[in-house]
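Novice: Input file: data-v5.tsv. Contents: TSV, N, CA and C atoms.
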chain	number	residue	atom	x	y	z
A	82	MET	N	114.16	11.41	124.90
A	82	MET	CA	115.12	11.99	124.00
A	82	MET	C	115.03	13.51	124.10
A	83	ALA	N	116.18	14.14	124.06
A	83	ALA	CA	116.25	15.60	124.11
A	83	ALA	C	115.60	16.21	122.89
A	84	GLU	N	114.93	17.31	123.08
A	84	GLU	CA	114.23	17.93	121.96
A	84	GLU	C	114.85	19.27	121.54
A	85	LYS	N	115.78	19.80	122.33
A	85	LYS	CA	116.54	20.99	121.93
A	85	LYS	C	117.91	20.50	121.50
A	86	VAL	N	118.18	20.61	120.21
A	86	VAL	CA	119.42	20.03	119.67
A	86	VAL	C	120.32	21.11	119.07
A	87	TYR	N	121.60	20.82	119.11
A	87	TYR	CA	122.61	21.67	118.51
A	87	TYR	C	123.38	20.82	117.51
A	88	VAL	N	123.55	21.34	116.31
A	88	VAL	CA	124.27	20.61	115.27
A	88	VAL	C	125.74	21.02	115.33
A	89	THR	N	126.60	20.01	115.49
A	89	THR	CA	128.03	20.25	115.52
A	89	THR	C	128.68	19.73	114.25
A	90	SER	N	129.77	20.35	113.85
A	90	SER	CA	130.52	19.92	112.67
A	90	SER	C	131.51	18.82	113.00
A	91	TRP	N	131.68	18.56	114.28
A	91	TRP	CA	132.67	17.59	114.73
A	91	TRP	C	132.00	16.32	115.25
A	92	LYS	N	132.28	15.23	114.62
A	92	LYS	CA	131.71	13.94	115.02
A	92	LYS	C	132.05	13.62	116.47
A	93	SER	N	133.27	13.90	116.87
A	93	SER	CA	133.72	13.58	118.23
A	93	SER	C	133.03	14.44	119.29
A	94	GLY	N	132.46	15.57	118.89
A	94	GLY	CA	131.78	16.46	119.84
A	94	GLY	C	130.30	16.20	119.98
A	95	ALA	N	129.80	15.19	119.28
A	95	ALA	CA	128.36	14.91	119.28
A	95	ALA	C	127.98	13.83	120.27
A	96	ASN	N	126.77	13.97	120.82
A	96	ASN	CA	126.20	12.90	121.66
A	96	ASN	C	125.62	11.80	120.78
A	97	LYS	N	125.10	12.19	119.61
A	97	LYS	CA	124.49	11.23	118.68
A	97	LYS	C	124.87	11.57	117.25
A	98	LYS	N	125.11	10.53	116.47
A	98	LYS	CA	125.30	10.69	115.03
A	98	LYS	C	123.95	10.41	114.38
A	99	VAL	N	123.49	11.33	113.53
A	99	VAL	CA	122.14	11.27	112.98
A	99	VAL	C	122.19	11.16	111.46
A	100	TYR	N	121.39	10.26	110.93
A	100	TYR	CA	121.24	10.09	109.48
A	100	TYR	C	119.81	10.48	109.11
A	101	VAL	N	119.67	11.31	108.09
A	101	VAL	CA	118.34	11.72	107.62
A	101	VAL	C	117.96	10.85	106.43
A	102	THR	N	116.82	10.18	106.55
A	102	THR	CA	116.34	9.31	105.48
A	102	THR	C	115.13	9.92	104.79
A	103	ASN	N	114.93	9.56	103.56
A	103	ASN	CA	113.75	9.99	102.80
A	103	ASN	C	112.60	9.00	102.94
A	104	TRP	N	112.82	7.93	103.69
A	104	TRP	CA	111.83	6.86	103.84
A	104	TRP	C	111.41	6.73	105.29
A	105	ARG	N	110.17	7.03	105.58
A	105	ARG	CA	109.63	6.95	106.94
A	105	ARG	C	109.85	5.57	107.57
A	106	GLU	N	109.70	4.53	106.77
A	106	GLU	CA	109.82	3.16	107.27
A	106	GLU	C	111.22	2.85	107.79
A	107	GLU	N	112.20	3.58	107.32
A	107	GLU	CA	113.59	3.34	107.68
A	107	GLU	C	113.99	4.09	108.97
A	108	ALA	N	113.18	5.04	109.39
A	108	ALA	CA	113.52	5.92	110.51
A	108	ALA	C	113.20	5.30	111.87
A	109	ASN	N	114.01	5.70	112.87
A	109	ASN	CA	113.73	5.37	114.27
A	109	ASN	C	112.84	6.45	114.89
A	110	LEU	N	112.94	7.67	114.29
A	110	LEU	CA	112.24	8.82	114.85
A	110	LEU	C	111.75	9.72	113.73
A	111	VAL	N	110.50	10.15	113.83
A	111	VAL	CA	109.94	11.12	112.90
A	111	VAL	C	110.06	12.48	113.59
A	112	VAL	N	110.69	13.44	112.89
A	112	VAL	CA	111.03	14.73	113.48
A	112	VAL	C	110.27	15.86	112.81
A	113	TYR	N	109.70	16.71	113.66
A	113	TYR	CA	109.07	17.96	113.21
A	113	TYR	C	109.95	19.09	113.73
A	114	LYS	N	110.41	19.97	112.84
A	114	LYS	CA	111.25	21.10	113.24
A	114	LYS	C	110.37	22.28	113.65
A	115	THR	N	110.62	22.81	114.84
A	115	THR	CA	109.88	23.97	115.32
A	115	THR	C	110.83	25.16	115.47
A	116	SER	N	110.31	26.35	115.30
A	116	SER	CA	111.12	27.55	115.47
A	116	SER	C	110.97	28.13	116.88
A	117	LEU	N	110.12	27.51	117.68
A	117	LEU	CA	109.89	27.99	119.04
A	117	LEU	C	110.43	27.01	120.07
A	118	LYS	N	111.35	27.47	120.90
A	118	LYS	CA	111.95	26.61	121.91
A	118	LYS	C	110.90	26.03	122.85
A	119	SER	N	109.87	26.81	123.14
A	119	SER	CA	108.82	26.37	124.07
A	119	SER	C	107.99	25.20	123.54
A	120	GLU	N	107.99	24.98	122.24
A	120	GLU	CA	107.23	23.87	121.65
A	120	GLU	C	108.01	22.56	121.64
A	121	ALA	N	109.28	22.60	121.94
A	121	ALA	CA	110.13	21.40	121.85
A	121	ALA	C	110.05	20.57	123.12
A	122	LYS	N	108.86	20.06	123.39
A	122	LYS	CA	108.65	19.29	124.61
A	122	LYS	C	108.23	17.86	124.37
A	123	GLN	N	107.60	17.59	123.24
A	123	GLN	CA	107.16	16.23	122.98
A	123	GLN	C	108.21	15.51	122.14
A	124	PRO	N	108.32	14.21	122.27
A	124	PRO	CA	109.30	13.45	121.50
A	124	PRO	C	109.13	13.68	120.00
A	125	GLY	N	110.24	13.97	119.34
A	125	GLY	CA	110.22	14.17	117.90
A	125	GLY	C	110.01	15.61	117.45
A	126	VAL	N	109.68	16.50	118.38
A	126	VAL	CA	109.57	17.92	118.04
A	126	VAL	C	110.89	18.57	118.44
A	127	TRP	N	111.68	18.94	117.44
A	127	TRP	CA	113.03	19.44	117.67
A	127	TRP	C	113.12	20.94	117.43
A	128	PHE	N	113.79	21.60	118.37
A	128	PHE	CA	114.19	22.99	118.21
A	128	PHE	C	115.70	22.98	118.00
A	129	PHE	N	116.16	23.60	116.93
A	129	PHE	CA	117.59	23.64	116.63
A	129	PHE	C	118.19	24.89	117.28
A	130	ALA	N	118.96	24.68	118.34
A	130	ALA	CA	119.56	25.77	119.11
A	130	ALA	C	120.76	26.35	118.37
A	131	GLY	N	120.97	27.63	118.53
A	131	GLY	CA	122.09	28.30	117.91
A	131	GLY	C	123.40	28.13	118.66
A	132	TYR	N	123.29	27.75	119.93
A	132	TYR	CA	124.47	27.57	120.78
A	132	TYR	C	124.37	26.23	121.51
A	133	ALA	N	125.50	25.59	121.67
A	133	ALA	CA	125.54	24.28	122.34
A	133	ALA	C	125.02	24.36	123.77
A	134	THR	N	125.25	25.48	124.43
A	134	THR	CA	124.82	25.63	125.83
A	134	THR	C	123.30	25.70	125.97
A	135	ASP	N	122.59	26.00	124.88
A	135	ASP	CA	121.12	26.07	124.91
A	135	ASP	C	120.47	24.73	124.59
A	136	ALA	N	121.27	23.73	124.26
A	136	ALA	CA	120.74	22.45	123.79
A	136	ALA	C	120.83	21.36	124.85
A	137	ASP	N	119.95	20.38	124.71
A	137	ASP	CA	119.99	19.19	125.57
A	137	ASP	C	120.90	18.12	124.98
A	138	MET	N	121.08	18.18	123.65
A	138	MET	CA	121.88	17.16	122.97
A	138	MET	C	122.58	17.77	121.76
A	139	LYS	N	123.83	17.36	121.56
A	139	LYS	CA	124.59	17.79	120.38
A	139	LYS	C	124.55	16.65	119.37
A	140	ILE	N	124.22	17.00	118.11
A	140	ILE	CA	124.14	15.97	117.08
A	140	ILE	C	125.09	16.29	115.93
A	141	TYR	N	125.48	15.24	115.25
A	141	TYR	CA	126.31	15.34	114.06
A	141	TYR	C	125.56	14.63	112.95
A	142	PHE	N	125.34	15.30	111.82
A	142	PHE	CA	124.67	14.67	110.69
A	142	PHE	C	125.69	13.90	109.87
A	143	THR	N	125.46	12.60	109.74
A	143	THR	CA	126.35	11.75	108.96
A	143	THR	C	125.69	11.39	107.63
A	144	GLN	N	126.49	11.16	106.63
A	144	GLN	CA	125.95	10.72	105.34
A	144	GLN	C	125.93	9.20	105.22
A	145	TRP	N	126.41	8.53	106.26
A	145	TRP	CA	126.48	7.07	106.24
A	145	TRP	C	125.45	6.46	107.20
A	146	LYS	N	124.50	5.76	106.64
A	146	LYS	CA	123.41	5.15	107.43
A	146	LYS	C	123.93	4.19	108.49
A	147	ASP	N	124.92	3.39	108.14
A	147	ASP	CA	125.44	2.39	109.08
A	147	ASP	C	126.21	2.99	110.26
A	148	GLU	N	126.62	4.23	110.12
A	148	GLU	CA	127.36	4.90	111.18
A	148	GLU	C	126.43	5.57	112.21
A	149	ALA	N	125.19	5.77	111.84
A	149	ALA	CA	124.26	6.56	112.64
A	149	ALA	C	123.79	5.85	113.90
A	150	ASP	N	123.64	6.64	114.96
A	150	ASP	CA	123.02	6.17	116.20
A	150	ASP	C	121.51	6.31	116.08
A	151	LEU	N	121.08	7.24	115.23
A	151	LEU	CA	119.67	7.57	115.10
A	151	LEU	C	119.37	7.89	113.64
A	152	LYS	N	118.30	7.29	113.12
A	152	LYS	CA	117.85	7.58	111.75
A	152	LYS	C	116.54	8.35	111.87
A	153	ILE	N	116.51	9.54	111.23
A	153	ILE	CA	115.31	10.38	111.35
A	153	ILE	C	114.69	10.65	109.99
A	154	TYR	N	113.40	10.93	110.04
A	154	TYR	CA	112.62	11.33	108.87
A	154	TYR	C	111.92	12.62	109.24
A	155	TYR	N	112.05	13.65	108.41
A	155	TYR	CA	111.37	14.93	108.69
A	155	TYR	C	109.94	14.90	108.19
A	156	THR	N	109.05	15.48	108.99
A	156	THR	CA	107.65	15.62	108.63
A	156	THR	C	107.25	17.09	108.71
A	157	ILE	N	106.21	17.46	107.98
A	157	ILE	CA	105.69	18.81	108.07
A	157	ILE	C	104.46	18.86	108.99
A	158	ASN	N	104.06	17.70	109.51
A	158	ASN	CA	102.90	17.60	110.40
A	158	ASN	C	103.35	17.28	111.82
A	159	ARG	N	103.14	18.19	112.72
A	159	ARG	CA	103.57	18.01	114.10
A	159	ARG	C	102.97	16.75	114.73
A	160	SER	N	101.75	16.44	114.38
A	160	SER	CA	101.07	15.28	114.98
A	160	SER	C	101.74	13.96	114.63
A	161	GLU	N	102.56	13.92	113.59
A	161	GLU	CA	103.24	12.68	113.19
A	161	GLU	C	104.57	12.49	113.89
A	162	ALA	N	105.05	13.50	114.62
A	162	ALA	CA	106.36	13.44	115.26
A	162	ALA	C	106.38	12.42	116.40
A	163	GLY	N	107.52	11.76	116.52
A	163	GLY	CA	107.72	10.81	117.62
A	163	GLY	C	108.42	9.57	117.18
A	164	PRO	N	108.70	8.69	118.15
A	164	PRO	CA	109.41	7.45	117.85
A	164	PRO	C	108.55	6.51	116.99
A	165	ARG	N	109.22	5.80	116.13
A	165	ARG	CA	108.53	4.78	115.32
A	165	ARG	C	108.62	3.45	116.06
A	166	PRO	N	107.57	2.64	115.95
A	166	PRO	CA	107.61	1.32	116.60
A	166	PRO	C	108.72	0.46	116.04
A	167	LYS	N	109.33	-0.33	116.91
A	167	LYS	CA	110.39	-1.26	116.45
A	167	LYS	C	109.78	-2.33	115.57
A	168	ARG	N	110.53	-2.66	114.50
A	168	ARG	CA	110.05	-3.68	113.58
A	168	ARG	C	110.69	-5.00	113.88
Now, as a test, write the supplied structure out as structure tokens.

Specialist:
Amino acid sequence: MAEKVYVTSWKSGANKKVYVTNWREEANLVVYKTSLKSEAKQPGVWFFAGYATDADMKIYFTQWKDEADLKIYYTINRSEAGPRPKR
């Protein structure tokens, strides 16, 4: 999964529709936000790019869980970042 992401306001312009959950158990991916592009190399460590051309993937945040391609949970601990096992 791409770790440099750009947030778009247009659903049709996104590679993935993302839903943010407050429950770790509900997430497909645990995400740690980094401010350094060079740190965005391991799965789940995301750098939010200011321009679409700097990103590997464009995402759209949806408020509807059933519409999402990816459900994420934010963490403040980098070591927790990454894909969650399938249930």

Novice: Just the number, please: distance in Å from CA of Gln123 in chain A to CA of Lys139 in chain A, one decimal.

Specialist: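 CA of Lys139 in chain A lies 17.7 Å from CA of Gln123 in chain A.
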
Novice: Quick one: pull the distance between atom N of Gln144 in chain A and CA of Tyr100 in chain A, Å, one decimal.

Specialist: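 Spanning atom N of Gln144 in chain A to CA of Tyr100 in chain A is a straight-line distance of 6.1 Å.
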
Novice: Write out as a VMD selection string the residues lying within 8 Å of Ile157 in chain A, counting only N, CA and C atoms and excluding same-chain residues fewer than 2 positions away.

Specialist: chain A and resid 112 to 114 154 to 155 159 to 162

Novice: Nearest to Pro164 in chain A among A:Ala133, A:Val111, A:Lys92, A:Asp150, with distances taken over only N, CA and C atoms: which residue is it?

Specialist: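 Closest candidate: A:Val111.
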
Novice: Select from range 109-159 of chain A everything DSSP, run on the backbone, classes as strand (DSSP E or B), then give the selection as a list in words.

Specialist: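 Taking range 109-159 of chain A and keeping strand (DSSP E or B) only, one gets Leu110, Val111, Val112, Tyr113, Lys114, Thr115, Val126, Trp127, Phe128, Phe129, Met138, Lys139, Ile140, Tyr141, Phe142, Leu151, Lys152, Ile153, Tyr154 and Tyr155 of chain A.
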
Novice: Using all atoms listed in the file, which of the listed residues (A:Trp104, A:Tyr141, A:Trp127, A:Tyr132) sits closest to Thr89 in chain A?

Specialist: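 Comparing A:Trp104, A:Tyr141, A:Trp127, A:Tyr132 against Thr89 in chain A, the winner is A:Tyr141.
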
Novice: Please indicate the distance in Å from atom N of Ala121 in chain A to atom N of Lys85 in chain A, rounded to one decimal place.

Specialist: 7.1 Å

Novice: Mind checking which residues fall within 8 Å of Phe128 in chain A, counting all atoms listed in the file, ignoring those fewer than 4 positions away in the same chain, and posting them as a short mmCIF file (atom, residue, chain, number, x, y, z; two decimals) with N, CA and C atoms, in the coordinates of the input?

Specialist:
data_model
loop_
_atom_site.label_atom_id
_atom_site.label_comp_id
_atom_site.auth_asym_id
_atom_site.auth_seq_id
_atom_site.Cartn_x
_atom_site.Cartn_y
_atom_site.Cartn_z
N ALA A 83 116.18 14.14 124.06
CA ALA A 83 116.25 15.60 124.11
C ALA A 83 115.60 16.21 122.89
N GLU A 84 114.93 17.31 123.08
CA GLU A 84 114.23 17.93 121.96
C GLU A 84 114.85 19.27 121.54
N LYS A 85 115.78 19.80 122.33
CA LYS A 85 116.54 20.99 121.93
C LYS A 85 117.91 20.50 121.50
N VAL A 86 118.18 20.61 120.21
CA VAL A 86 119.42 20.03 119.67
C VAL A 86 120.32 21.11 119.07
N TYR A 87 121.60 20.82 119.11
CA TYR A 87 122.61 21.67 118.51
C TYR A 87 123.38 20.82 117.51
N TYR A 113 109.70 16.71 113.66
CA TYR A 113 109.07 17.96 113.21
C TYR A 113 109.95 19.09 113.73
N LYS A 114 110.41 19.97 112.84
CA LYS A 114 111.25 21.10 113.24
C LYS A 114 110.37 22.28 113.65
N THR A 115 110.62 22.81 114.84
CA THR A 115 109.88 23.97 115.32
C THR A 115 110.83 25.16 115.47
N SER A 116 110.31 26.35 115.30
CA SER A 116 111.12 27.55 115.47
C SER A 116 110.97 28.13 116.88
N LEU A 117 110.12 27.51 117.68
CA LEU A 117 109.89 27.99 119.04
C LEU A 117 110.43 27.01 120.07
N LYS A 118 111.35 27.47 120.90
CA LYS A 118 111.95 26.61 121.91
C LYS A 118 110.90 26.03 122.85
N SER A 119 109.87 26.81 123.14
CA SER A 119 108.82 26.37 124.07
C SER A 119 107.99 25.20 123.54
N GLU A 120 107.99 24.98 122.24
CA GLU A 120 107.23 23.87 121.65
C GLU A 120 108.01 22.56 121.64
N ALA A 121 109.28 22.60 121.94
CA ALA A 121 110.13 21.40 121.85
C ALA A 121 110.05 20.57 123.12
N LYS A 122 108.86 20.06 123.39
CA LYS A 122 108.65 19.29 124.61
C LYS A 122 108.23 17.86 124.37
N ALA A 136 121.27 23.73 124.26
CA ALA A 136 120.74 22.45 123.79
C ALA A 136 120.83 21.36 124.85
#

Novice: Apply DSSP to the structure's backbone, then extract all residues of chain A labelled helix (DSSP H, G or I) and return them as a list in words.

Specialist: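 Filtering chain A down to helix (DSSP H, G or I) leaves Lys92, Ser93, Gly94, Arg105, Glu106, Glu107, Lys118, Ser119, Glu120, Ala133, Thr134, Asp135, Lys146, Asp147, Glu148, Arg159, Ser160 and Glu161 of chain A.
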
Novice: Please provide as a PyMOL selection string all residues within 12 Å of Arg165 in chain A, with the sequence filter that same-chain residues fewer than 2 positions apart are discarded (counting only C-alpha atoms).

Specialist: chain A and resi 105-112+124-125+151-154+161-163+167-168

Novice: Output N, CA and C atoms for every residue in the selection just made, as a short mmCIF file (atom, residue, chain, number, x, y, z; two decimals), in the coordinates of the input.

Specialist:
data_model
loop_
_atom_site.label_atom_id
_atom_site.label_comp_id
_atom_site.auth_asym_id
_atom_site.auth_seq_id
_atom_site.Cartn_x
_atom_site.Cartn_y
_atom_site.Cartn_z
N ARG A 105 110.17 7.03 105.58
CA ARG A 105 109.63 6.95 106.94
C ARG A 105 109.85 5.57 107.57
N GLU A 106 109.70 4.53 106.77
CA GLU A 106 109.82 3.16 107.27
C GLU A 106 111.22 2.85 107.79
N GLU A 107 112.20 3.58 107.32
CA GLU A 107 113.59 3.34 107.68
C GLU A 107 113.99 4.09 108.97
N ALA A 108 113.18 5.04 109.39
CA ALA A 108 113.52 5.92 110.51
C ALA A 108 113.20 5.30 111.87
N ASN A 109 114.01 5.70 112.87
CA ASN A 109 113.73 5.37 114.27
C ASN A 109 112.84 6.45 114.89
N LEU A 110 112.94 7.67 114.29
CA LEU A 110 112.24 8.82 114.85
C LEU A 110 111.75 9.72 113.73
N VAL A 111 110.50 10.15 113.83
CA VAL A 111 109.94 11.12 112.90
C VAL A 111 110.06 12.48 113.59
N VAL A 112 110.69 13.44 112.89
CA VAL A 112 111.03 14.73 113.48
C VAL A 112 110.27 15.86 112.81
N PRO A 124 108.32 14.21 122.27
CA PRO A 124 109.30 13.45 121.50
C PRO A 124 109.13 13.68 120.00
N GLY A 125 110.24 13.97 119.34
CA GLY A 125 110.22 14.17 117.90
C GLY A 125 110.01 15.61 117.45
N LEU A 151 121.08 7.24 115.23
CA LEU A 151 119.67 7.57 115.10
C LEU A 151 119.37 7.89 113.64
N LYS A 152 118.30 7.29 113.12
CA LYS A 152 117.85 7.58 111.75
C LYS A 152 116.54 8.35 111.87
N ILE A 153 116.51 9.54 111.23
CA ILE A 153 115.31 10.38 111.35
C ILE A 153 114.69 10.65 109.99
N TYR A 154 113.40 10.93 110.04
CA TYR A 154 112.62 11.33 108.87
C TYR A 154 111.92 12.62 109.24
N GLU A 161 102.56 13.92 113.59
CA GLU A 161 103.24 12.68 113.19
C GLU A 161 104.57 12.49 113.89
N ALA A 162 105.05 13.50 114.62
CA ALA A 162 106.36 13.44 115.26
C ALA A 162 106.38 12.42 116.40
N GLY A 163 107.52 11.76 116.52
CA GLY A 163 107.72 10.81 117.62
C GLY A 163 108.42 9.57 117.18
N LYS A 167 109.33 -0.33 116.91
CA LYS A 167 110.39 -1.26 116.45
C LYS A 167 109.78 -2.33 115.57
N ARG A 168 110.53 -2.66 114.50
CA ARG A 168 110.05 -3.68 113.58
C ARG A 168 110.69 -5.00 113.88
#
